[in-house]
$ cat work-v3.csv   # CSV, C-alpha atoms and all ligand atoms
chain,number,residue,atom,x,y,z
A,1,MET,CA,0.0,0.0,0.0
A,2,VAL,CA,1.7,3.2,-1.2
A,3,ALA,CA,0.9,6.3,0.8
A,4,CYS,CA,-0.4,9.3,-1.1
A,5,PRO,CA,2.5,11.7,-2.0
A,6,HIS,CA,0.9,15.1,-1.3
A,7,VAL,CA,0.5,16.1,2.3
A,8,TYR,CA,-0.4,19.1,4.3
A,9,PHE,CA,2.2,20.0,6.9
A,10,ALA,CA,2.7,23.1,9.1
A,11,ASP,CA,0.5,25.3,6.9
A,12,ARG,CA,1.9,24.2,3.5
A,13,TRP,CA,1.3,21.5,0.9
A,14,VAL,CA,4.5,19.6,0.5
A,15,THR,CA,5.5,16.1,-0.6
A,16,ARG,CA,5.7,13.4,2.1
A,17,ASP,CA,9.5,13.4,2.1
A,18,GLU,CA,9.6,17.2,2.8
A,19,ALA,CA,7.4,16.9,5.9
A,20,LYS,CA,9.8,16.5,8.8
A,21,VAL,CA,10.0,17.2,12.5
A,22,SER,CA,13.2,17.9,14.4
A,23,ILE,CA,14.7,15.5,16.8
A,24,ASP,CA,14.6,18.3,19.3
A,25,SER,CA,10.9,18.8,19.0
A,26,LEU,CA,8.5,18.3,21.9
A,27,ALA,CA,6.9,15.6,19.7
A,28,MET,CA,10.1,13.6,19.5
A,29,ARG,CA,11.2,14.2,23.0
A,30,TYR,CA,8.0,13.8,25.0
A,31,ALA,CA,5.5,12.3,22.5
A,32,ILE,CA,3.3,15.4,22.3
A,33,SER,CA,1.1,14.7,19.3
A,34,VAL,CA,-2.6,14.1,19.0
A,35,PHE,CA,-4.2,12.5,16.0
A,36,GLU,CA,-7.4,11.3,14.3
A,37,GLY,CA,-7.8,8.5,11.8
A,38,ILE,CA,-10.7,9.3,9.4
A,39,ARG,CA,-12.0,6.9,6.7
A,40,ILE,CA,-12.8,8.2,3.2
A,41,TYR,CA,-15.4,6.1,1.4
A,42,SER,CA,-16.2,5.9,-2.3
A,43,GLN,CA,-19.9,6.5,-2.7
A,44,ILE,CA,-22.5,4.2,-4.2
A,45,ASP,CA,-23.3,7.0,-6.6
A,46,ARG,CA,-20.1,7.0,-8.7
A,47,THR,CA,-20.7,10.5,-9.8
A,48,LEU,CA,-19.8,11.7,-6.3
A,49,SER,CA,-16.2,11.9,-4.9
A,50,PRO,CA,-15.2,9.8,-2.0
A,51,ARG,CA,-16.4,11.3,1.3
A,52,PRO,CA,-15.1,11.4,4.8
A,53,PHE,CA,-17.3,9.4,7.2
A,54,LEU,CA,-18.3,11.0,10.5
A,55,LEU,CA,-15.9,13.9,10.0
A,56,ASP,CA,-17.6,16.4,12.4
A,57,GLU,CA,-17.3,13.8,15.2
A,58,HIS,CA,-13.6,13.4,14.5
A,59,ILE,CA,-13.0,17.1,14.5
A,60,GLU,CA,-14.9,17.4,17.8
A,61,ARG,CA,-12.8,14.7,19.4
A,62,LEU,CA,-9.6,16.3,18.1
A,63,ARG,CA,-10.6,19.6,19.7
A,64,ASN,CA,-11.1,17.7,23.0
A,65,SER,CA,-7.7,16.0,22.6
A,66,LEU,CA,-6.1,19.4,22.1
A,67,ALA,CA,-7.7,20.8,25.2
A,68,LEU,CA,-6.7,17.7,27.3
A,69,MET,CA,-3.1,17.9,26.1
A,70,ARG,CA,-2.9,21.7,26.4
A,71,LEU,CA,-2.1,22.1,22.8
A,72,PRO,CA,-3.2,25.3,21.0
A,73,ASP,CA,-5.7,24.8,18.1
A,74,PRO,CA,-3.8,25.2,14.8
A,75,GLY,CA,-7.1,25.8,13.0
A,76,VAL,CA,-8.9,22.5,12.9
A,77,ASP,CA,-12.0,24.1,11.5
A,78,ARG,CA,-10.1,24.1,8.2
A,79,LEU,CA,-10.1,20.3,8.1
A,80,PRO,CA,-13.2,19.8,5.8
A,81,ALA,CA,-11.6,22.0,3.1
A,82,LEU,CA,-8.2,20.6,3.6
A,83,ILE,CA,-9.4,17.0,3.3
A,84,GLU,CA,-11.3,17.9,0.2
A,85,GLU,CA,-8.1,19.4,-1.3
A,86,LEU,CA,-6.1,16.3,-0.1
A,87,ILE,CA,-8.5,14.1,-2.1
A,88,HIS,CA,-8.2,16.3,-5.1
A,89,ARG,CA,-4.4,16.7,-5.0
A,90,ASN,CA,-3.8,13.0,-4.6
A,91,ASP,CA,-6.5,12.1,-7.1
A,92,ILE,CA,-8.2,9.7,-4.7
A,93,HIS,CA,-11.2,7.8,-6.1
A,94,GLU,CA,-11.2,4.8,-3.9
A,95,ASP,CA,-11.4,4.1,-0.1
A,96,ALA,CA,-8.6,5.7,1.9
A,97,TYR,CA,-7.5,6.5,5.4
A,98,VAL,CA,-6.8,10.1,6.3
A,99,ARG,CA,-4.5,10.8,9.3
A,100,VAL,CA,-4.8,14.2,10.9
A,101,ALA,CA,-2.2,15.0,13.5
A,102,VAL,CA,-1.5,18.1,15.6
A,103,THR,CA,2.2,17.8,16.7
A,104,ALA,CA,4.3,19.9,19.0
A,105,ALA,CA,7.0,20.6,16.4
A,106,ASN,CA,8.9,23.2,18.2
A,107,ALA,CA,12.1,22.5,20.2
A,108,GLY,CA,12.1,22.7,24.0
A,109,ASP,CA,12.0,21.0,27.3
A,110,LEU,CA,9.0,19.6,29.3
A,111,GLY,CA,7.8,23.1,30.4
A,112,THR,CA,8.0,24.8,27.0
A,113,GLU,CA,4.8,26.0,25.5
A,114,ALA,CA,3.8,23.8,22.5
A,115,LEU,CA,3.5,25.3,19.0
A,116,PRO,CA,1.2,23.1,17.0
A,117,ALA,CA,1.8,21.9,13.5
A,118,LEU,CA,-1.2,20.5,11.6
A,119,THR,CA,-0.5,17.5,9.4
A,120,VAL,CA,-3.0,15.8,7.0
A,121,THR,CA,-2.0,12.7,5.1
A,122,ALA,CA,-3.8,10.0,3.2
A,123,THR,CA,-3.1,6.3,2.4
A,124,PRO,CA,-5.3,4.1,0.2
A,125,MET,CA,-7.1,1.6,2.4
A,126,GLY,CA,-9.7,-1.1,1.7
A,127,ARG,CA,-11.0,-3.7,4.1
A,128,LYS,CA,-8.8,-5.5,6.7
A,129,ARG,CA,-8.8,-9.2,6.3
A,130,TRP,CA,-11.7,-9.8,8.7
A,131,LEU,CA,-14.1,-8.2,6.2
A,132,ALA,CA,-12.2,-8.8,3.0
A,133,ARG,CA,-12.1,-12.5,3.6
A,134,SER,CA,-15.0,-13.0,5.9
A,135,GLU,CA,-12.7,-14.1,8.7
A,136,ALA,CA,-13.2,-13.5,12.4
A,137,MET,CA,-10.8,-12.6,15.2
A,138,SER,CA,-9.4,-14.9,17.9
A,139,LEU,CA,-8.7,-12.6,20.8
A,140,THR,CA,-7.1,-12.9,24.2
A,141,ILE,CA,-8.0,-10.8,27.3
A,142,SER,CA,-4.7,-9.2,28.2
A,143,ASP,CA,-3.4,-8.6,31.7
A,144,TRP,CA,-1.9,-5.4,30.3
A,145,ARG,CA,-3.9,-2.5,31.8
A,146,ARG,CA,-5.2,0.5,30.0
A,147,ALA,CA,-3.8,3.6,31.7
A,148,PRO,CA,-6.4,5.0,34.1
A,149,THR,CA,-7.6,8.5,34.0
A,150,SER,CA,-5.5,9.3,37.1
A,151,VAL,CA,-2.3,8.3,35.0
A,152,PHE,CA,-3.2,9.8,31.6
A,153,PRO,CA,-6.6,10.9,30.1
A,154,PRO,CA,-7.8,8.0,28.0
A,155,ALA,CA,-9.9,10.4,26.0
A,156,ALA,CA,-6.8,12.2,24.7
A,157,LYS,CA,-5.9,10.5,21.4
A,158,ASN,CA,-2.2,11.2,22.0
A,159,ILE,CA,0.5,8.9,20.5
A,160,SER,CA,1.9,8.1,23.9
A,161,ASN,CA,-1.3,6.3,24.7
A,162,TYR,CA,-0.4,3.6,22.2
A,163,ALA,CA,3.0,2.5,23.6
A,164,GLY,CA,1.6,0.2,26.3
A,165,PRO,CA,-1.2,-1.3,24.2
A,166,ARG,CA,1.3,-2.0,21.5
A,167,LEU,CA,3.2,-4.2,23.9
A,168,ALA,CA,0.0,-6.0,24.8
A,169,TRP,CA,-0.8,-6.5,21.1
A,170,LEU,CA,2.7,-7.9,20.3
A,171,ALA,CA,2.5,-10.3,23.2
A,172,ALA,CA,-1.0,-11.5,22.1
A,173,ARG,CA,0.3,-12.1,18.5
A,174,GLU,CA,3.3,-14.0,19.8
A,175,ALA,CA,0.9,-16.2,21.8
A,176,GLY,CA,-1.0,-17.0,18.6
A,177,PHE,CA,-3.9,-14.7,18.9
A,178,ASP,CA,-5.1,-12.1,16.3
A,179,GLY,CA,-5.3,-9.4,18.9
A,180,CYS,CA,-6.2,-8.6,22.5
A,181,VAL,CA,-8.6,-6.7,24.7
A,182,LEU,CA,-6.9,-4.7,27.5
A,183,THR,CA,-8.3,-4.5,31.0
A,184,ASN,CA,-8.6,-1.6,33.3
A,185,HIS,CA,-7.2,-1.1,36.8
A,186,ALA,CA,-10.2,-3.0,38.2
A,187,GLY,CA,-9.6,-5.9,35.8
A,188,ARG,CA,-12.7,-5.2,33.7
A,189,LEU,CA,-12.7,-5.2,29.9
A,190,CYS,CA,-11.7,-2.0,28.2
A,191,GLU,CA,-10.9,-2.1,24.5
A,192,ALA,CA,-8.4,-3.4,21.9
A,193,PRO,CA,-5.3,-1.3,21.3
A,194,THR,CA,-7.0,0.5,18.4
A,195,ALA,CA,-10.6,-0.5,18.5
A,196,ALA,CA,-13.7,-0.5,20.8
A,197,LEU,CA,-15.3,-3.8,22.0
A,198,PHE,CA,-18.9,-4.9,21.8
A,199,LEU,CA,-20.4,-8.2,23.1
A,200,VAL,CA,-23.9,-9.5,22.3
A,201,ARG,CA,-25.8,-11.4,24.9
A,202,ASP,CA,-29.4,-12.5,24.5
A,203,GLY,CA,-29.9,-10.0,21.7
A,204,VAL,CA,-28.5,-7.0,23.7
A,205,LEU,CA,-25.4,-5.1,22.6
A,206,LEU,CA,-23.0,-4.5,25.5
A,207,THR,CA,-20.0,-2.3,25.5
A,208,PRO,CA,-17.7,-1.0,28.3
A,209,HIS,CA,-19.0,2.4,29.7
A,210,LEU,CA,-16.8,5.4,28.8
A,211,SER,CA,-15.9,5.6,32.5
A,212,GLU,CA,-14.0,2.3,32.1
A,213,ASP,CA,-10.9,4.1,30.8
A,214,VAL,CA,-11.7,3.7,27.1
A,215,LEU,CA,-11.3,6.1,24.2
A,216,PRO,CA,-14.6,7.7,23.2
A,217,SER,CA,-14.7,5.8,19.9
A,218,ILE,CA,-16.6,7.4,17.2
A,219,THR,CA,-17.6,4.1,15.6
A,220,ARG,CA,-18.8,2.9,19.0
A,221,ALA,CA,-21.0,6.0,19.4
A,222,TRP,CA,-22.3,5.5,15.8
A,223,ILE,CA,-23.2,1.9,16.6
A,224,LEU,CA,-25.0,2.9,19.8
A,225,ARG,CA,-27.0,5.6,17.8
A,226,THR,CA,-27.8,3.1,15.0
A,227,ALA,CA,-28.9,0.5,17.5
A,228,GLU,CA,-31.3,3.0,19.1
A,229,GLU,CA,-32.7,4.0,15.7
A,230,HIS,CA,-33.3,0.3,14.8
A,231,GLY,CA,-34.7,-0.7,18.1
A,232,ILE,CA,-31.8,-3.0,19.0
A,233,PRO,CA,-31.3,-2.9,22.8
A,234,ALA,CA,-27.8,-1.7,23.8
A,235,ARG,CA,-26.2,-1.0,27.2
A,236,GLU,CA,-23.0,0.7,28.2
A,237,THR,CA,-21.8,-1.1,31.3
A,238,GLY,CA,-18.9,-2.8,33.2
A,239,LEU,CA,-17.8,-6.1,31.6
A,240,THR,CA,-15.7,-8.9,32.9
A,241,ARG,CA,-13.7,-11.8,31.4
A,242,ALA,CA,-16.6,-14.0,32.3
A,243,ASP,CA,-18.9,-11.8,30.2
A,244,ALA,CA,-16.6,-12.3,27.2
A,245,GLY,CA,-16.6,-16.1,27.8
A,246,GLU,CA,-20.4,-16.1,27.8
A,247,ALA,CA,-20.9,-13.9,24.7
A,248,ASP,CA,-23.2,-15.0,21.9
A,249,GLU,CA,-21.4,-12.7,19.5
A,250,ALA,CA,-18.6,-10.1,19.8
A,251,PHE,CA,-16.9,-7.6,17.5
A,252,LEU,CA,-14.3,-4.9,17.5
A,253,CYS,CA,-15.1,-1.6,15.9
A,254,GLY,CA,-13.1,1.4,15.0
A,255,THR,CA,-12.2,3.6,12.0
A,256,GLY,CA,-9.4,1.4,10.8
A,257,ILE,CA,-10.9,-2.0,11.5
A,258,GLU,CA,-14.5,-0.9,10.8
A,259,ILE,CA,-16.5,-3.8,12.3
A,260,ALA,CA,-14.5,-7.1,12.8
A,261,PRO,CA,-16.3,-10.1,14.0
A,262,VAL,CA,-14.7,-12.0,16.9
A,263,ARG,CA,-15.0,-15.8,17.0
A,264,ALA,CA,-13.4,-16.6,20.4
A,265,PHE,CA,-11.9,-15.2,23.5
A,266,ASP,CA,-8.9,-17.2,24.9
A,267,GLY,CA,-10.0,-20.1,22.8
A,268,ARG,CA,-13.6,-20.1,24.0
A,269,ALA,CA,-15.9,-19.7,21.0
A,270,CYS,CA,-18.7,-17.1,20.9
A,271,ARG,CA,-22.0,-19.1,20.9
A,272,ASP,CA,-23.5,-17.7,17.7
A,273,TRP,CA,-20.3,-17.7,15.7
A,274,PRO,CA,-20.2,-18.1,12.6
A,275,ASP,CA,-23.8,-16.9,12.1
A,276,SER,CA,-23.3,-13.7,14.2
A,277,PRO,CA,-26.6,-12.2,13.0
A,278,LEU,CA,-26.5,-8.9,14.9
A,279,THR,CA,-22.8,-8.3,13.9
A,280,ARG,CA,-23.7,-8.9,10.2
A,281,THR,CA,-26.6,-6.6,10.4
A,282,LEU,CA,-24.4,-3.8,11.8
A,283,ILE,CA,-21.7,-4.4,9.2
A,284,ILE,CA,-24.3,-3.8,6.4
A,285,ALA,CA,-25.8,-0.8,8.2
A,286,TYR,CA,-22.3,0.7,8.6
A,287,PHE,CA,-21.4,0.5,4.8
A,288,VAL,CA,-24.9,1.7,3.8
A,289,ALA,CA,-24.2,4.9,5.9
A,290,ALA,CA,-20.5,5.2,4.9
A,291,ARG,CA,-21.2,4.8,1.1
A,292,GLY,CA,-24.3,7.0,1.1
A,293,ALA,CA,-26.5,4.1,0.0
A,294,GLY,CA,-29.7,5.5,1.3
A,295,SER,CA,-32.0,3.8,3.8
A,296,PHE,CA,-30.8,0.6,5.5
A,297,ARG,CA,-34.4,-0.5,6.0
A,298,ALA,CA,-35.2,0.0,2.3
A,299,LEU,CA,-32.5,-2.4,1.2
A,300,GLY,CA,-34.3,-5.6,2.2
A,301,ASP,CA,-32.4,-8.8,1.5
A,302,LEU,CA,-29.2,-8.1,-0.3
A,303,SER,CA,-28.0,-10.1,-3.2
A,304,PRO,CA,-24.4,-11.3,-2.8
A,305,ILE,CA,-23.3,-8.8,-5.5
A,306,ARG,CA,-25.0,-5.9,-3.9
A,307,ARG,CA,-23.5,-6.8,-0.5
A,308,ASP,CA,-20.0,-7.1,-2.0
A,309,GLU,CA,-20.5,-3.7,-3.7
A,310,LEU,CA,-21.5,-2.1,-0.4
A,311,ILE,CA,-18.6,-3.5,1.6
A,312,ASN,CA,-15.8,-3.4,-0.9
A,313,GLY,CA,-16.9,-0.3,-2.9
A,314,PRO,CA,-18.9,0.2,-6.0
A,315,ILE,CA,-17.7,-1.9,-8.8
A,316,SER,CA,-17.3,-0.7,-12.3
A,317,THR,CA,-19.7,-1.6,-15.0
A,318,SER,CA,-17.3,-4.0,-16.6
A,319,ALA,CA,-16.6,-5.7,-13.3
A,320,GLU,CA,-20.3,-5.9,-12.6
A,321,THR,CA,-20.8,-7.6,-15.9
A,322,GLN,CA,-18.0,-10.1,-15.2
A,323,VAL,CA,-19.5,-10.9,-11.7
A,324,ALA,CA,-23.0,-11.3,-13.2
A,325,LYS,CA,-21.7,-13.8,-15.8
B,1,LIG,C1,-7.6,3.2,21.8
B,1,LIG,C2,-8.6,3.2,20.7
B,1,LIG,N1,-9.8,2.7,21.1
B,1,LIG,C3,-10.8,2.7,20.1
B,1,LIG,C4,-10.6,3.2,18.9
B,1,LIG,C5,-11.8,3.2,17.9
B,1,LIG,O1,-12.1,4.6,17.8
B,1,LIG,P1,-12.8,5.2,16.5
B,1,LIG,O2,-14.1,4.5,16.3
B,1,LIG,O3,-13.0,6.6,16.8
B,1,LIG,O4,-11.9,5.0,15.4
B,1,LIG,C6,-9.4,3.6,18.5
B,1,LIG,C7,-9.1,4.1,17.1
B,1,LIG,O5,-9.1,5.3,16.9
B,1,LIG,C8,-8.3,3.6,19.4
B,1,LIG,O6,-7.1,4.1,19.1
$ encode --input "work-v3.csv" --output "structure tokens" --more "lines below"
Ligand SMILES: Cc1ncc(COP(=O)(O)O)c(C=O)c1O
Amino acid sequence: MVACPHVYFADRWVTRDEAKVSIDSLAMRYAISVFEGIRIYSQIDRTLSPRPFLLDEHIERLRNSLALMRLPDPGVDRLPALIEELIHRNDIHEDAYVRVAVTAANAGDLGTEALPALTVTATPMGRKRWLARSEAMSLTISDWRRAPTSVFPPAAKNISNYAGPRLAWLAAREAGFDGCVLTNHAGRLCEAPTAALFLVRDGVLLTPHLSEDVLPSITRAWILRTAEEHGIPARETGLTRADAGEADEAFLCGTGIEIAPVRAFDGRACRDWPDSPLTRTLIIAYFVAARGAGSFRALGDLSPIRRDELINGPISTSAETQVAK
């Protein structure tokens, strides 16, 4: 996957190679840099350009991260226009991932006031293998703890918040799992290193409450809103390892992973895997919204081609003909 060459960095459009921060910067010395990952989706209506999904929500969370990290706002209200220009300059027509960062690029010591540099970059990105190949994740519940609010605000999407979860993830992969769920100081379930967690039990969606030291995930919030709109019962609550072991279905969700079904926790299979009916319904609802495909309710039963088009992006007329044959 080749990253798009044209990037916005510190108030200028430059090439990726030209965007550099100094080794003396607060970002390099103390990891002062907040960011957002935003998905760009090609639209079912091919006459439209690809569009960012849930952009207002990402900008709002970025503002909150800036406030929590005491970073001045470099002008994040420019982001809708900058992302549009990013799409145009890089000639993006397919699904992509946009990374927005606000980085303390000035030199200094721990007490130096941060001067923020806004960076906006894009990388082409389709589905991860869970959706691309209809696979499901085997997760372990990690003993690694998510930093509690008293140590570092979990709501600040700052790069330093990923160093510990990365170690948990590496350990999980070495142990043969696809990923892990971190626990909090009380041993309750939090989230994966870069995704929120949902369990399903008796038709009810369950997700750790925001007070459980989790990032306020935008996908998580979208799922809760969508569940409410469609009359699917959902609860934010405290969850334990035992709850994971008893789950009928489970999935991780987040901008990068989208919605990835989970098949087992620590080798114990989720009861309704591989049917996972609620997870599958939410996956379709997600791509209907992301690709501007109109009403989820109006879709009815999807043909395999229509489902594939929704999830993987609209196919060209020639490809459609080939599939139809
Ligand atoms: C720690 C953490 N939790 C959850 C998520 C999912 O959040 P979102 O849905 O906003 O991408 C992410 C990804 O951004 C994350 O880094």
$ residues_near_ligand --input "work-v3.csv" --ligand "ligand LIG 1 (chain B)" --cutoff "7 Å" --atoms "all atoms listed in the file" --output "PDB file with C-alpha atoms, keeping the file's coordinate frame"
ATOM      1  CA  GLU A  36      -7.400  11.300  14.300  1.00  0.00           C
ATOM      2  CA  GLY A  37      -7.800   8.500  11.800  1.00  0.00           C
ATOM      3  CA  LYS A 157      -5.900  10.500  21.400  1.00  0.00           C
ATOM      4  CA  GLU A 191     -10.900  -2.100  24.500  1.00  0.00           C
ATOM      5  CA  ALA A 192      -8.400  -3.400  21.900  1.00  0.00           C
ATOM      6  CA  PRO A 193      -5.300  -1.300  21.300  1.00  0.00           C
ATOM      7  CA  THR A 194      -7.000   0.500  18.400  1.00  0.00           C
ATOM      8  CA  ALA A 195     -10.600  -0.500  18.500  1.00  0.00           C
ATOM      9  CA  ALA A 196     -13.700  -0.500  20.800  1.00  0.00           C
ATOM     10  CA  VAL A 214     -11.700   3.700  27.100  1.00  0.00           C
ATOM     11  CA  LEU A 215     -11.300   6.100  24.200  1.00  0.00           C
ATOM     12  CA  PRO A 216     -14.600   7.700  23.200  1.00  0.00           C
ATOM     13  CA  SER A 217     -14.700   5.800  19.900  1.00  0.00           C
ATOM     14  CA  ILE A 218     -16.600   7.400  17.200  1.00  0.00           C
ATOM     15  CA  THR A 219     -17.600   4.100  15.600  1.00  0.00           C
ATOM     16  CA  ARG A 220     -18.800   2.900  19.000  1.00  0.00           C
ATOM     17  CA  CYS A 253     -15.100  -1.600  15.900  1.00  0.00           C
ATOM     18  CA  GLY A 254     -13.100   1.400  15.000  1.00  0.00           C
ATOM     19  CA  THR A 255     -12.200   3.600  12.000  1.00  0.00           C
ATOM     20  CA  GLY A 256      -9.400   1.400  10.800  1.00  0.00           C
TER      21      GLY A 256
END
$ closest_residue --input "work-v3.csv" --among "A:Met28, A:Leu224, A:Ile83, A:Val262" --to "Cys180 of chain A" --atoms "only C-alpha atoms"
A:Val262
$ residues_near_point --input "work-v3.csv" --point "(-12.5, -9.1, 5.4)" --cutoff "12 Å" --atoms "all atoms listed in the file" --output "NGL selection string"
:A and (126-137 or 257-261 or 283 or 308 or 311-312)
$ atom_distance --input "work-v3.csv" --atom1 "atom CA of Thr240 of chain A" --atom2 "atom CA of Ala172 of chain A"
18.4 Å
$ residues_around --input "work-v3.csv" --residues "Gly164 of chain A" --least-positions-apart "4" --cutoff "8 Å" --atoms "only C-alpha atoms" --output "list in words"
Trp144, Arg146 and Ala168 of chain A
$ residues_around --input "work-v3.csv" --residues "Asp275 of chain A" --least-positions-apart "2" --cutoff "12 Å" --atoms "all atoms listed in the file" --output "PDB file with C-alpha atoms, in the coordinates of the input"
ATOM      1  CA  SER A 134     -15.000 -13.000   5.900  1.00  0.00           C
ATOM      2  CA  GLU A 135     -12.700 -14.100   8.700  1.00  0.00           C
ATOM      3  CA  ALA A 136     -13.200 -13.500  12.400  1.00  0.00           C
ATOM      4  CA  ASP A 248     -23.200 -15.000  21.900  1.00  0.00           C
ATOM      5  CA  GLU A 249     -21.400 -12.700  19.500  1.00  0.00           C
ATOM      6  CA  ALA A 250     -18.600 -10.100  19.800  1.00  0.00           C
ATOM      7  CA  PRO A 261     -16.300 -10.100  14.000  1.00  0.00           C
ATOM      8  CA  VAL A 262     -14.700 -12.000  16.900  1.00  0.00           C
ATOM      9  CA  ARG A 263     -15.000 -15.800  17.000  1.00  0.00           C
ATOM     10  CA  CYS A 270     -18.700 -17.100  20.900  1.00  0.00           C
ATOM     11  CA  ARG A 271     -22.000 -19.100  20.900  1.00  0.00           C
ATOM     12  CA  ASP A 272     -23.500 -17.700  17.700  1.00  0.00           C
ATOM     13  CA  TRP A 273     -20.300 -17.700  15.700  1.00  0.00           C
ATOM     14  CA  PRO A 277     -26.600 -12.200  13.000  1.00  0.00           C
ATOM     15  CA  LEU A 278     -26.500  -8.900  14.900  1.00  0.00           C
ATOM     16  CA  THR A 279     -22.800  -8.300  13.900  1.00  0.00           C
ATOM     17  CA  ARG A 280     -23.700  -8.900  10.200  1.00  0.00           C
ATOM     18  CA  THR A 281     -26.600  -6.600  10.400  1.00  0.00           C
TER      19      THR A 281
END
$ closest_residue --input "work-v3.csv" --among "A:Val181, A:Ala122, A:Ala27, A:Ala163" --to "Ile141 of chain A" --atoms "all atoms listed in the file"
A:Val181
$ residues_near_point --input "work-v3.csv" --point "(-10.0, 10.7, 1.8)" --cutoff "12 Å" --atoms "only C-alpha atoms" --output "ChimeraX atom specification"
/A:3-4,7,37-43,49-53,55,79-100,120-126
$ residues_around --input "work-v3.csv" --residues "segment 226-235 of chain A" --least-positions-apart "2" --cutoff "9 Å" --atoms "only C-alpha atoms" --output "list in words"
Val200, Gly203, Val204, Leu205, Leu206, Thr207, Pro208, His209, Ala221, Trp222, Ile223, Leu224, Thr237, Leu278, Leu282, Ala285, Tyr286 and Arg297 of chain A
$ residues_around --input "work-v3.csv" --residues "Pro74 of chain A" --least-positions-apart "6" --cutoff "12 Å" --atoms "all atoms listed in the file" --output "list in words"
Phe9, Ala10, Asp11, Val34, Leu62, Arg63, Leu66, Ala67, Val100, Ala101, Val102, Thr103, Ala104, Ala105, Ala114, Leu115, Pro116, Ala117, Leu118 and Thr119 of chain A
$ closest_residue --input "work-v3.csv" --among "A:Leu110, A:Ala247, A:Ala293, A:Ile59" --to "Ala264 of chain A" --atoms "all atoms listed in the file"
A:Ala247
$ closest_residue --input "work-v3.csv" --among "A:Val288, A:Leu48, A:Leu71, A:Val151" --to "Asn106 of chain A" --atoms "only C-alpha atoms"
A:Leu71
$ atom_distance --input "work-v3.csv" --atom1 "atom CA of Arg16 of chain A" --atom2 "atom CA of Tyr162 of chain A"
23.2 Å
$ atom_distance --input "work-v3.csv" --atom1 "atom CA of Arg61 of chain A" --atom2 "atom CA of Pro153 of chain A"
12.9 Å
$ closest_residue --input "work-v3.csv" --among "A:Asp202, A:Ala242, A:Arg225, A:Thr140" --to "Arg188 of chain A" --atoms "all atoms listed in the file"
A:Ala242
$ closest_residue --input "work-v3.csv" --among "A:Asp213, A:Asp266, A:Glu113, A:Asp45" --to "Ser150 of chain A" --atoms "only C-alpha atoms"
A:Asp213
